[in-house]
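Asker: What follows is coords-v1.cif, mmCIF, C-alpha atoms.
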data_structure
loop_
_atom_site.group_PDB
_atom_site.id
_atom_site.type_symbol
_atom_site.label_atom_id
_atom_site.label_comp_id
_atom_site.auth_asym_id
_atom_site.auth_seq_id
_atom_site.Cartn_x
_atom_site.Cartn_y
_atom_site.Cartn_z
ATOM 1 C CA GLY A 1 100.633 78.770 128.946
ATOM 2 C CA VAL A 2 98.712 78.998 132.199
ATOM 3 C CA SER A 3 100.113 80.583 135.367
ATOM 4 C CA CYS A 4 98.882 79.957 138.893
ATOM 5 C CA ASN A 5 99.511 81.448 142.315
ATOM 6 C CA ASN A 6 100.611 79.499 145.420
ATOM 7 C CA ASP A 7 97.013 78.425 146.019
ATOM 8 C CA LEU A 8 96.884 76.918 142.497
ATOM 9 C CA GLN A 9 94.431 79.594 141.346
ATOM 10 C CA VAL A 10 94.795 80.664 137.721
ATOM 11 C CA THR A 11 96.262 84.169 137.464
ATOM 12 C CA ALA A 12 97.156 84.310 133.769
ATOM 13 C CA ILE A 13 96.308 82.606 130.486
ATOM 14 C CA SER A 14 98.749 83.283 127.669
ATOM 15 C CA LEU A 15 97.881 81.292 124.555
ATOM 16 C CA ALA A 16 98.930 83.620 121.751
ATOM 17 C CA TYR A 17 99.251 82.134 118.251
ATOM 18 C CA CYS A 18 98.302 78.624 119.350
ATOM 19 C CA GLY A 19 95.821 77.864 116.556
ATOM 20 C CA LEU A 20 92.795 78.085 118.850
ATOM 21 C CA THR A 21 89.363 77.985 117.198
ATOM 22 C CA GLY A 22 85.760 78.216 118.360
ATOM 23 C CA THR A 23 84.309 80.613 120.922
ATOM 24 C CA LEU A 24 85.335 81.789 124.357
ATOM 25 C CA PRO A 25 83.235 79.903 126.955
ATOM 26 C CA ASP A 26 81.290 81.635 129.730
ATOM 27 C CA GLU A 27 83.109 79.412 132.212
ATOM 28 C CA ILE A 28 86.262 81.470 131.797
ATOM 29 C CA SER A 29 84.620 83.975 134.119
ATOM 30 C CA LEU A 30 84.959 81.431 136.953
ATOM 31 C CA LEU A 31 88.710 82.150 137.044
ATOM 32 C CA THR A 32 88.159 85.095 139.360
ATOM 33 C CA ASN A 33 91.836 85.565 140.239
ATOM 34 C CA MET A 34 92.923 85.964 136.642
ATOM 35 C CA GLU A 35 94.981 89.081 135.954
ATOM 36 C CA GLU A 36 96.015 88.492 132.339
ATOM 37 C CA LEU A 37 94.095 87.012 129.419
ATOM 38 C CA VAL A 38 96.231 86.903 126.272
ATOM 39 C CA ILE A 39 94.701 84.968 123.366
ATOM 40 C CA SER A 40 95.976 86.981 120.408
ATOM 41 C CA GLY A 41 96.698 85.543 116.977
ATOM 42 C CA ASN A 42 94.181 82.699 116.975
ATOM 43 C CA ARG A 43 90.942 82.032 115.084
ATOM 44 C CA LEU A 44 88.504 82.565 117.915
ATOM 45 C CA GLU A 45 85.136 84.009 116.970
ATOM 46 C CA GLY A 46 81.768 85.084 118.295
ATOM 47 C CA SER A 47 81.183 87.501 121.131
ATOM 48 C CA LEU A 48 83.035 88.021 124.376
ATOM 49 C CA PRO A 49 81.203 86.683 127.464
ATOM 50 C CA TRP A 50 80.023 89.773 129.351
ATOM 51 C CA LEU A 51 80.628 87.911 132.621
ATOM 52 C CA ILE A 52 84.354 88.469 132.037
ATOM 53 C CA PHE A 53 83.828 92.107 132.920
ATOM 54 C CA GLN A 54 81.573 91.349 135.880
ATOM 55 C CA LYS A 55 83.529 88.536 137.523
ATOM 56 C CA LEU A 56 87.199 89.084 136.609
ATOM 57 C CA ASP A 57 87.691 92.228 138.678
ATOM 58 C CA LYS A 58 91.471 91.672 138.936
ATOM 59 C CA LEU A 59 91.986 91.629 135.167
ATOM 60 C CA SER A 60 94.783 94.040 134.213
ATOM 61 C CA SER A 61 95.470 92.863 130.657
ATOM 62 C CA LEU A 62 92.931 91.804 128.008
ATOM 63 C CA ASP A 63 94.562 90.972 124.670
ATOM 64 C CA LEU A 64 92.302 89.735 121.855
ATOM 65 C CA LEU A 65 94.497 90.893 118.963
ATOM 66 C CA ASP A 66 94.052 89.295 115.547
ATOM 67 C CA ASN A 67 91.097 86.959 115.976
ATOM 68 C CA HIS A 68 87.589 86.823 114.499
ATOM 69 C CA PHE A 69 85.619 88.157 117.445
ATOM 70 C CA HIS A 70 82.463 90.043 116.541
ATOM 71 C CA PHE A 71 80.866 92.175 119.242
ATOM 72 C CA SER A 72 80.349 95.694 120.540
ATOM 73 C CA ILE A 73 82.160 96.754 123.687
ATOM 74 C CA PRO A 74 79.662 96.222 126.534
ATOM 75 C CA THR A 75 78.962 98.841 129.179
ATOM 76 C CA GLU A 76 80.165 96.303 131.761
ATOM 77 C CA ILE A 77 83.740 97.131 130.781
ATOM 78 C CA GLY A 78 83.490 99.942 133.312
ATOM 79 C CA LEU A 79 83.499 97.286 136.066
ATOM 80 C CA LEU A 80 87.223 96.796 135.359
ATOM 81 C CA ALA A 81 88.019 100.390 136.311
ATOM 82 C CA ALA A 82 90.081 99.371 139.338
ATOM 83 C CA SER A 83 92.340 96.945 137.479
ATOM 84 C CA LEU A 84 92.475 97.230 133.668
ATOM 85 C CA GLU A 85 95.750 98.603 132.301
ATOM 86 C CA LYS A 86 96.115 97.019 128.861
ATOM 87 C CA LEU A 87 93.274 96.708 126.325
ATOM 88 C CA THR A 88 93.993 95.217 122.907
ATOM 89 C CA LEU A 89 91.010 94.707 120.595
ATOM 90 C CA ALA A 90 92.719 95.344 117.241
ATOM 91 C CA LYS A 91 92.205 93.215 114.130
ATOM 92 C CA ASN A 92 88.750 91.965 115.069
ATOM 93 C CA ALA A 93 85.253 92.708 113.765
ATOM 94 C CA ILE A 94 84.437 94.833 116.806
ATOM 95 C CA THR A 95 81.824 97.434 115.939
ATOM 96 C CA GLY A 96 79.823 100.251 117.457
ATOM 97 C CA SER A 97 80.790 103.234 119.553
ATOM 98 C CA LEU A 98 82.943 103.327 122.643
ATOM 99 C CA PRO A 99 80.611 103.162 125.659
ATOM 100 C CA GLN A 100 80.695 106.051 128.111
ATOM 101 C CA GLU A 101 81.804 103.593 130.796
ATOM 102 C CA MET A 102 85.242 103.501 129.182
ATOM 103 C CA LYS A 103 85.851 106.897 130.759
ATOM 104 C CA LEU A 104 86.095 105.027 134.064
ATOM 105 C CA LEU A 105 89.247 103.181 132.949
ATOM 106 C CA THR A 106 91.616 105.709 134.479
ATOM 107 C CA LYS A 107 94.407 103.159 135.008
ATOM 108 C CA VAL A 108 94.657 102.101 131.377
ATOM 109 C CA ASN A 109 98.100 102.724 129.879
ATOM 110 C CA PHE A 110 97.960 100.681 126.641
ATOM 111 C CA VAL A 111 95.105 100.901 124.105
ATOM 112 C CA TYR A 112 95.213 99.174 120.705
ATOM 113 C CA PHE A 113 92.077 99.637 118.564
ATOM 114 C CA SER A 114 93.524 99.579 115.020
ATOM 115 C CA ASP A 115 91.872 97.572 112.210
ATOM 116 C CA SER A 116 88.502 97.357 113.906
ATOM 117 C CA GLY A 117 85.003 98.656 113.192
ATOM 118 C CA LEU A 118 84.875 100.985 116.186
ATOM 119 C CA GLU A 119 83.317 104.421 115.731
ATOM 120 C CA GLY A 120 83.017 107.674 117.643
ATOM 121 C CA ASP A 121 85.179 110.530 118.879
ATOM 122 C CA LEU A 122 88.461 109.186 120.277
ATOM 123 C CA PHE A 123 89.442 112.417 122.007
ATOM 124 C CA GLU A 124 86.218 112.420 124.013
ATOM 125 C CA PHE A 125 87.789 109.581 125.996
ATOM 126 C CA THR A 126 91.541 110.217 126.135
ATOM 127 C CA PRO A 127 91.326 112.952 128.818
ATOM 128 C CA PHE A 128 90.040 110.219 131.149
ATOM 129 C CA TRP A 129 93.083 108.028 130.444
ATOM 130 C CA PRO A 130 95.855 110.178 131.964
ATOM 131 C CA ASN A 131 98.263 107.234 132.282
ATOM 132 C CA LEU A 132 98.322 106.355 128.572
ATOM 133 C CA ILE A 133 101.777 105.328 127.436
ATOM 134 C CA GLU A 134 100.832 103.624 124.153
ATOM 135 C CA LEU A 135 97.851 104.435 121.898
ATOM 136 C CA TYR A 136 97.286 102.776 118.508
ATOM 137 C CA VAL A 137 94.197 103.846 116.543
ATOM 138 C CA SER A 138 94.531 103.480 112.768
ATOM 139 C CA ARG A 139 92.312 102.129 109.992
ATOM 140 C CA THR A 140 89.141 102.536 112.059
ATOM 141 C CA LYS A 141 86.160 104.871 111.983
ATOM 142 C CA LEU A 142 87.163 106.380 115.307
ATOM 143 C CA VAL A 143 87.590 110.112 114.709
ATOM 144 C CA ALA A 144 90.855 111.642 115.924
ATOM 145 C CA ARG A 145 90.528 115.347 115.110
ATOM 146 C CA LEU A 146 93.698 117.143 116.153
ATOM 147 C CA THR A 147 93.206 120.471 117.957
ATOM 148 C CA ASP A 148 95.118 122.429 120.607
ATOM 149 C CA ASP A 149 93.151 120.618 123.303
ATOM 150 C CA SER A 150 93.052 117.103 121.873
ATOM 151 C CA LEU A 151 96.593 115.921 122.561
ATOM 152 C CA GLN A 152 96.487 116.037 126.349
ATOM 153 C CA LEU A 153 98.546 112.890 126.780
ATOM 154 C CA PRO A 154 101.316 113.798 129.238
ATOM 155 C CA MET A 155 102.661 110.235 129.667
ATOM 156 C CA ILE A 156 102.483 109.098 126.042
ATOM 157 C CA GLU A 157 105.530 107.413 124.494
ATOM 158 C CA HIS A 158 104.051 105.635 121.446
ATOM 159 C CA LEU A 159 101.276 107.293 119.414
ATOM 160 C CA VAL A 160 99.819 105.919 116.164
ATOM 161 C CA LEU A 161 96.794 107.743 114.747
ATOM 162 C CA ASP A 162 94.786 108.197 111.585
ATOM 163 C CA ALA A 163 93.743 111.788 112.139
ATOM 164 C CA THR A 164 92.206 114.959 110.738
ATOM 165 C CA GLY A 165 92.710 118.638 111.559
ATOM 166 C CA THR A 166 96.163 120.134 112.071
ATOM 167 C CA ILE A 167 99.051 119.107 114.290
ATOM 168 C CA PRO A 168 98.871 121.489 117.277
ATOM 169 C CA THR A 169 101.830 123.282 118.793
ATOM 170 C CA THR A 170 100.922 121.611 122.096
ATOM 171 C CA ILE A 171 102.450 118.413 120.725
ATOM 172 C CA GLY A 172 105.696 119.807 122.092
ATOM 173 C CA LEU A 173 104.409 119.145 125.627
ATOM 174 C CA MET A 174 104.522 115.364 125.098
ATOM 175 C CA THR A 175 108.185 115.291 126.037
ATOM 176 C CA GLY A 176 108.410 111.504 126.503
ATOM 177 C CA LEU A 177 107.216 110.702 122.980
ATOM 178 C CA GLN A 178 109.451 108.134 121.285
ATOM 179 C CA GLU A 179 107.295 106.961 118.385
ATOM 180 C CA LEU A 180 104.858 109.079 116.364
ATOM 181 C CA LEU A 181 102.975 107.822 113.299
ATOM 182 C CA LEU A 182 100.318 110.086 111.788
ATOM 183 C CA SER A 183 98.298 109.525 108.616
ATOM 184 C CA GLU A 184 95.142 111.035 107.191
ATOM 185 C CA SER A 185 91.953 109.200 108.100
ATOM 186 C CA LEU A 186 90.423 107.155 105.290
ATOM 187 C CA TYR A 187 86.976 107.407 106.879
ATOM 188 C CA SER A 188 86.527 111.185 107.035
ATOM 189 C CA ASP A 189 85.896 113.962 104.546
ATOM 190 C CA GLU A 190 88.269 116.150 106.559
ATOM 191 C CA VAL A 191 91.997 116.180 105.882
ATOM 192 C CA LEU A 192 95.072 116.250 108.055
ATOM 193 C CA GLY A 193 96.602 119.495 106.868
ATOM 194 C CA GLY A 194 98.376 122.636 107.967
ATOM 195 C CA THR A 195 102.135 122.626 108.436
ATOM 196 C CA LEU A 196 104.608 120.769 110.626
ATOM 197 C CA PRO A 197 104.931 122.844 113.810
ATOM 198 C CA SER A 198 108.507 123.452 114.951
ATOM 199 C CA GLU A 199 107.456 122.182 118.406
ATOM 200 C CA ILE A 200 107.452 118.634 117.064
ATOM 201 C CA PHE A 201 111.216 118.900 116.779
ATOM 202 C CA LYS A 202 111.570 119.574 120.513
ATOM 203 C CA LEU A 203 110.667 115.956 121.239
ATOM 204 C CA VAL A 204 114.257 114.870 121.685
ATOM 205 C CA GLU A 205 113.379 111.320 122.836
ATOM 206 C CA MET A 206 111.894 110.517 119.421
ATOM 207 C CA ARG A 207 113.188 107.335 117.803
ATOM 208 C CA LEU A 208 110.598 106.972 115.050
ATOM 209 C CA LEU A 209 108.784 109.773 113.225
ATOM 210 C CA ALA A 210 106.416 108.890 110.384
ATOM 211 C CA ILE A 211 103.981 111.444 108.982
ATOM 212 C CA GLN A 212 102.621 109.931 105.802
ATOM 213 C CA ALA A 213 99.780 110.288 103.297
ATOM 214 C CA THR A 214 98.519 113.648 104.545
ATOM 215 C CA SER A 215 97.706 117.085 103.115
ATOM 216 C CA ILE A 216 100.407 118.775 105.210
ATOM 217 C CA THR A 217 102.245 121.552 103.364
ATOM 218 C CA GLY A 218 105.233 123.802 103.990
ATOM 219 C CA SER A 219 108.899 123.013 104.387
ATOM 220 C CA LEU A 220 110.914 120.785 106.700
ATOM 221 C CA HIS A 221 112.184 122.939 109.562
ATOM 222 C CA SER A 222 115.907 123.054 110.301
ATOM 223 C CA ALA A 223 115.075 122.114 113.906
ATOM 224 C CA ILE A 224 114.772 118.509 112.652
ATOM 225 C CA GLY A 225 118.428 118.309 113.637
ATOM 226 C CA ASN A 226 117.414 118.350 117.319
ATOM 227 C CA LEU A 227 116.061 114.788 117.065
ATOM 228 C CA SER A 228 119.429 113.186 117.692
ATOM 229 C CA GLU A 229 117.931 109.837 118.780
ATOM 230 C CA LEU A 230 115.957 109.386 115.560
ATOM 231 C CA ARG A 231 116.394 106.022 113.812
ATOM 232 C CA PHE A 232 113.489 106.133 111.354
ATOM 233 C CA LEU A 233 112.158 109.168 109.479
ATOM 234 C CA SER A 234 109.351 108.855 106.941
ATOM 235 C CA LEU A 235 107.585 111.825 105.353
ATOM 236 C CA ARG A 236 106.179 109.918 102.375
ATOM 237 C CA SER A 237 103.241 111.214 100.338
ATOM 238 C CA ASN A 238 102.617 114.659 101.799
ATOM 239 C CA LEU A 239 102.608 118.105 100.165
ATOM 240 C CA LEU A 240 105.905 119.255 101.639
ATOM 241 C CA SER A 241 108.128 121.452 99.496
ATOM 242 C CA GLY A 242 111.318 123.493 99.388
ATOM 243 C CA ALA A 243 114.861 122.408 100.114
ATOM 244 C CA LEU A 244 115.762 119.736 102.629
ATOM 245 C CA PRO A 245 117.752 121.281 105.503
ATOM 246 C CA SER A 246 121.421 120.506 106.008
ATOM 247 C CA GLU A 247 120.619 119.804 109.683
ATOM 248 C CA LEU A 248 119.454 116.353 108.602
ATOM 249 C CA GLY A 249 123.127 115.485 108.825
ATOM 250 C CA GLN A 250 122.888 115.822 112.631
ATOM 251 C CA LEU A 251 120.704 112.697 112.809
ATOM 252 C CA THR A 252 123.723 110.468 113.328
ATOM 253 C CA LYS A 253 121.700 107.396 114.384
ATOM 254 C CA LEU A 254 119.329 107.477 111.402
ATOM 255 C CA GLY A 255 118.891 104.178 109.589
ATOM 256 C CA TYR A 256 115.873 104.841 107.349
ATOM 257 C CA PHE A 257 115.106 108.060 105.464
ATOM 258 C CA PHE A 258 111.967 108.178 103.280
ATOM 259 C CA VAL A 259 110.680 111.427 101.713
ATOM 260 C CA SER A 260 109.126 110.137 98.487
ATOM 261 C CA PHE A 261 106.197 111.843 96.752
ATOM 262 C CA ASN A 262 106.481 115.378 98.028
ATOM 263 C CA HIS A 263 107.668 118.531 96.244
ATOM 264 C CA PHE A 264 111.203 118.786 97.597
ATOM 265 C CA VAL A 265 113.705 120.492 95.302
ATOM 266 C CA GLY A 266 117.386 121.339 95.154
ATOM 267 C CA ASN A 267 120.352 119.448 96.504
ATOM 268 C CA LEU A 268 119.915 116.536 98.849
ATOM 269 C CA PRO A 269 122.077 117.662 101.781
ATOM 270 C CA SER A 270 125.581 116.264 101.374
ATOM 271 C CA GLU A 271 125.696 116.086 105.188
ATOM 272 C CA LEU A 272 123.589 112.935 104.933
ATOM 273 C CA GLY A 273 126.713 111.296 103.561
ATOM 274 C CA SER A 274 128.258 111.376 107.031
ATOM 275 C CA ILE A 275 125.512 109.196 108.564
ATOM 276 C CA THR A 276 127.141 105.783 108.287
ATOM 277 C CA SER A 277 124.106 104.068 109.911
ATOM 278 C CA LEU A 278 121.835 104.839 106.911
ATOM 279 C CA LYS A 279 120.570 101.607 105.356
ATOM 280 C CA GLU A 280 117.585 102.699 103.245
ATOM 281 C CA ILE A 281 116.954 105.953 101.402
ATOM 282 C CA GLU A 282 113.856 106.689 99.339
ATOM 283 C CA LEU A 283 113.556 109.910 97.326
ATOM 284 C CA LEU A 284 111.002 109.121 94.599
ATOM 285 C CA GLY A 285 108.712 111.799 93.173
ATOM 286 C CA ASN A 286 110.758 114.890 94.083
ATOM 287 C CA LYS A 287 113.150 117.121 92.136
ATOM 288 C CA LEU A 288 116.325 116.496 94.038
ATOM 289 C CA ILE A 289 119.968 116.393 93.057
ATOM 290 C CA ILE A 290 121.741 113.549 94.822
ATOM 291 C CA PRO A 291 125.388 114.311 95.670
ATOM 292 C CA GLU A 292 128.253 111.851 95.529
ATOM 293 C CA GLU A 293 128.683 111.963 99.328
ATOM 294 C CA VAL A 294 125.350 110.165 99.683
ATOM 295 C CA CYS A 295 126.299 107.667 96.973
ATOM 296 C CA ASN A 296 129.332 106.641 98.982
ATOM 297 C CA LEU A 297 127.453 105.676 102.156
ATOM 298 C CA PRO A 298 128.968 102.321 103.181
ATOM 299 C CA ASN A 299 125.957 100.520 104.649
ATOM 300 C CA LYS A 300 123.079 101.516 102.413
ATOM 301 C CA LYS A 301 121.208 98.482 101.076
ATOM 302 C CA VAL A 302 118.169 100.097 99.430
ATOM 303 C CA PHE A 303 118.373 103.341 97.465
ATOM 304 C CA ARG A 304 115.231 104.379 95.599
ATOM 305 C CA VAL A 305 115.276 107.346 93.242
ATOM 306 C CA ASP A 306 113.412 108.107 90.037
ATOM 307 C CA CYS A 307 114.889 108.676 86.642
ATOM 308 C CA SER A 308 114.126 112.412 86.592
ATOM 309 C CA GLN A 309 116.482 113.032 89.511
ATOM 310 C CA GLN A 310 120.099 113.972 88.924
ATOM 311 C CA CYS A 311 121.894 111.117 90.580
ATOM 312 C CA VAL A 312 125.625 110.494 90.325
ATOM 313 C CA CYS A 313 125.081 107.135 92.036
ATOM 314 C CA CYS A 314 122.802 105.841 89.301
ATOM 315 C CA VAL A 315 125.589 106.186 86.777
ATOM 316 C CA LYS A 316 128.492 105.336 89.052
ATOM 317 C CA GLU A 317 126.998 102.258 90.729
ATOM 318 C CA GLY A 318 124.509 101.157 88.110
ATOM 319 C CA ILE A 319 121.575 101.637 90.494
ATOM 320 C CA ASN A 320 118.260 101.073 88.735
ATOM 321 C CA CYS A 321 116.162 104.200 88.881
ATOM 322 C CA ILE A 322 112.377 103.899 88.785
ATOM 323 C CA ASN A 323 110.573 105.480 85.848
ATOM 324 C CA LEU A 324 107.511 107.168 87.333
#
Now that the file is in, can you turn its structure into structure tokens?
Answerer:
Amino acid sequence: GVSCNNDLQVTAISLAYCGLTGTLPDEISLLTNMEELVISGNRLEGSLPWLIFQKLDKLSSLDLLDNHFHFSIPTEIGLLAASLEKLTLAKNAITGSLPQEMKLLTKVNFVYFSDSGLEGDLFEFTPFWPNLIELYVSRTKLVARLTDDSLQLPMIEHLVLDATGTIPTTIGLMTGLQELLLSESLYSDEVLGGTLPSEIFKLVEMRLLAIQATSITGSLHSAIGNLSELRFLSLRSNLLSGALPSELGQLTKLGYFFVSFNHFVGNLPSELGSITSLKEIELLGNKLIIPEEVCNLPNKKVFRVDCSQQCVCCVKEGINCINL
């Protein structure tokens, strides 16, 4: 809907998923007291009136998610430096590089650029956004090359990146991180490789950890047991190997455990059988022996294994294994 202040001046437009079509008119820039413009999930198209950036100097939230807009980010975006906190441009045909003026947006705390045509070096800009709490940049041509210096995001809580390079040990400094999703970029010849640094397991606020479709090697460190708040763990489609540590059993709040398509071997830790919150387990494409303790989990609804794995459950419960 539309919100107004006591003087009947429009301060917010929130028309998400309302079936809107057409283009955004220049006249919207006449609403000079507007602080929030949320028009996500419609079928709006065309470019964004540049006067929005010149006239709406109180705008703190600009949400264009999931429309058909087609434009490059104008340099005038820097005029919102004093107010802009949330910028959502994902799922639009937005192209070109990030303008240098985006370094002026020092108040921004939420950036969502996924599924767009944006290009350039993401980490050229993040040092100028010290208040970032949420950053979502996946399935774009924006380069996120991980180095010791790149992850200088002291306030970050939710981080979703398609990246290259190696995960630096400095990730352990992001102590407020609650959600981390990393995948290898589809738009670069470089890989996301190396090993999982033990420092990642010092992030004790983590609720969701997903590192998927990368070239990361090595084993899963026993320090994984430190992540006692973890609800979701996915390590699908990496090059991880060795035995899974028994400390996984310390993740007593875990609901989803996915490690398919790695090179894990040996016994699946029987300690997982004590995690009564586990609902989904996926073990495809490894050489694991699944113990009866895991079979007896009371709440599991989805249990995916392949036929080459030794699985008491498959015989005992008639679970259909998947022939890879």
Asker: Find, counting all atoms listed in the file, the residue in A:Lys202, A:Lys287, A:Arg231, A:Arg145 that gets nearest to A:Leu244.
Answerer: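 Looking only at the distances to A:Leu244, the closest residue turns out to be A:Lys287.
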Asker: Would you translate the PyMOL selection byres ((chain A and resi 246) around 12) into the concrete set of residues it matches in this file, as number ranges by chain?
Answerer: A: 220-225, 243-245, 247-251, 266-274
Asker: In the coordinate frame of the file, compute which residues have an atom within 6 Å of (79.2, 101.1, 115.4) when using all atoms listed in the file, and state them as a PyMOL selection string.
Answerer: chain A and resi 95-97+118-119
Asker: Here's a test: counting all atoms listed in the file, identify every protein, DNA and RNA residue with an atom at most 8 Å from (92.1, 101.6, 133.9) in the file's coordinate frame, and state them as a PyMOL selection string.
Answerer: chain A and resi 80-86+104-109+129
Asker: Would you mind listing what lies within 9 Å of stretch 20-22 of chain A as JSON, numbers by chain, with only C-alpha atoms counted and same-chain residues fewer than 2 positions away left out?
Answerer: {"A": [15, 16, 17, 18, 24, 39, 41, 42, 43, 44, 45, 46]}
Asker: Given the file above and the PyMOL selection byres ((chain A and resi 304) around 7), which residues are selected, and can you give them as a list in words?
Answerer: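 When the PyMOL selection byres ((chain A and resi 304) around 7) is applied, the selected residues are Ile281, Glu282, Leu283, Leu284, Val302, Phe303, Val305, Asp306 and Cys321 of chain A.
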Asker: What are the centre and the three edge lengths of an axis-aligned box that wraps all atoms of stretch 37-48 of chain A in the file, given that 4 Å is added to every side, written as JSON and rounded to one decimal in Å?
Answerer:
{"center_x": 88.9, "center_y": 85.0, "center_z": 122.3, "size_x": 23.5, "size_y": 14.0, "size_z": 22.3}
Asker: Just so the selection is clear, what residues does the PyMOL selection byres ((chain A and resi 54) around 9) cover here, as a count of residues only?
Answerer: 12
Asker: Would you work out the distance separating atom CA of A:Gly218 from atom CA of A:Leu196, expressed in Å to one decimal?
Answerer: 7.3 Å
Asker: Which residues are near A:Leu254? Cut-off 10 Å, all atoms listed in the file, ignore same chain within fewer than 6 positions. Put them as a PyMOL selection string.
Answerer: chain A and resi 207-208+227-233+248+272+275-280
Asker: Env of stretch 192-194 of chain A: 7 Å cut, atoms = all atoms listed in the file, seq-sep filter 4 positions within chain, self excluded. Answer as number ranges by chain.
Answerer: A: 163-166, 184, 214-217
Asker: Suppose we keep C-alpha atoms; can you now write the selection as an mmCIF file, in the coordinates of the input?
Answerer:
data_model
loop_
_atom_site.group_PDB
_atom_site.id
_atom_site.type_symbol
_atom_site.label_atom_id
_atom_site.label_comp_id
_atom_site.auth_asym_id
_atom_site.auth_seq_id
_atom_site.Cartn_x
_atom_site.Cartn_y
_atom_site.Cartn_z
ATOM 1 C CA ALA A 163 93.743 111.788 112.139
ATOM 2 C CA THR A 164 92.206 114.959 110.738
ATOM 3 C CA GLY A 165 92.710 118.638 111.559
ATOM 4 C CA THR A 166 96.163 120.134 112.071
ATOM 5 C CA GLU A 184 95.142 111.035 107.191
ATOM 6 C CA THR A 214 98.519 113.648 104.545
ATOM 7 C CA SER A 215 97.706 117.085 103.115
ATOM 8 C CA ILE A 216 100.407 118.775 105.210
ATOM 9 C CA THR A 217 102.245 121.552 103.364
#
Asker: Any idea what the distance is between atom CA of A:Pro127 and atom CA of A:Phe110?
Answerer: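 Atom CA of A:Phe110 lies at a distance of 14.1 Å from atom CA of A:Pro127.
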